[in-house]
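Down below is the structure, laid out as structure tokens.
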Amino acid sequence: MTPVLKIEVDVFSGRPNPVLELGGGEARHLQHLLEQKRQPLNDFEAADQLGFRGFIIRLEGTGREAYRVNGAIVQIDGKAFLDPNSDTQNFILSILPKDTRAMLVPLLNIH
């Protein structure tokens, strides 16, 4: 059975973040990217910052954060791993609605 994933764009403070629900082939592809074997980052500490803080990915029905993706960092259960080409974030950006992606362009310095 194909999982249903919810992707929250963690960007706002004081108002709801955009959320995208993903199923089918896109959900399978994202799950495959998230489960890639990666180099662990032992000394990684997430920055407590305003603005874009990454994408939070939840499995439908769990309500808990399963993954967090921000650039070349993929966090799983509080542990950080290197995604050297930012493949996971790039895939997420490619499937976002145009208005959400446009909002992130200046924050991520992308085209």
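Residue numbering restarts at 1 for every chain of the structure tokens, chains are lettered A, B, ... in their displayed order, and ligands are numbered from 1 as they appear.
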* **Those of chain A in DSSP helix (DSSP H, G or I), formatted as a PyMOL selection string** => chain A and resi 24-34+87-95+98-108
* Asked: Please, which residues of segment 5-72 of chain A, numbered as in this document, come out strand (DSSP E or B) from DSSP, as a list in words?
  -> Leu5, Lys6, Ile7, Glu8, Val9, Val19, Leu20, Glu21, Leu22, Gln39, Pro40, Leu41, Phe55, Ile56, Ile57, Arg58, Leu59, Tyr67, Arg68, Val69 and Asn70 of chain A
* Figure out the distance between atom CA of Thr88 of chain A and atom CA of Asn42 of chain A, please, to one decimal in Å. => 20.0 Å
* Option closest in space to Gly25 of chain A, from A:Asp10, A:Val69, A:Ile95, A:Gly78 [counting only C-alpha atoms] ->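 Closest to Gly25 of chain A of all the choices is A:Ile95.
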* Structure fact -> Atom pair atom CA of Val11 of chain A + atom CA of Leu108 of chain A, distance 11.4 Å
* **For Met103 of chain A, the nearest of the candidates A:Ile57, A:Val9, A:Lys79, A:Tyr67, counting only C-alpha atoms** =>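 Smallest distance to Met103 of chain A is found for A:Val9.
The smallest atom-to-atom distance between Asn17 of chain A and any of A:Gln31, A:Leu41, A:Val105, A:Arg53, using only C-alpha atoms, is found for A:Arg53.
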* Structure fact -> Restricting to only C-alpha atoms, whichever of A:Pro97, A:Gly54, A:Asn70, A:Gln89 is closest to Glu21 of chain A is A:Pro97
* One-decimal distance in Å that lies between atom CA of Gly61 of chain A and atom CA of His32 of chain A ->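 Separation between atom CA of His32 of chain A and atom CA of Gly61 of chain A: 19.5 Å.
When the distance limit is 8 Å and only C-alpha atoms are what count, the residues near Ala80 of chain A, minus those fewer than 2 positions from it on the same chain, are Pro40, Leu41, Asn42, Phe44, Ile73, Val74, Gln75, Ile76, Gly78 and Leu82 of chain A.
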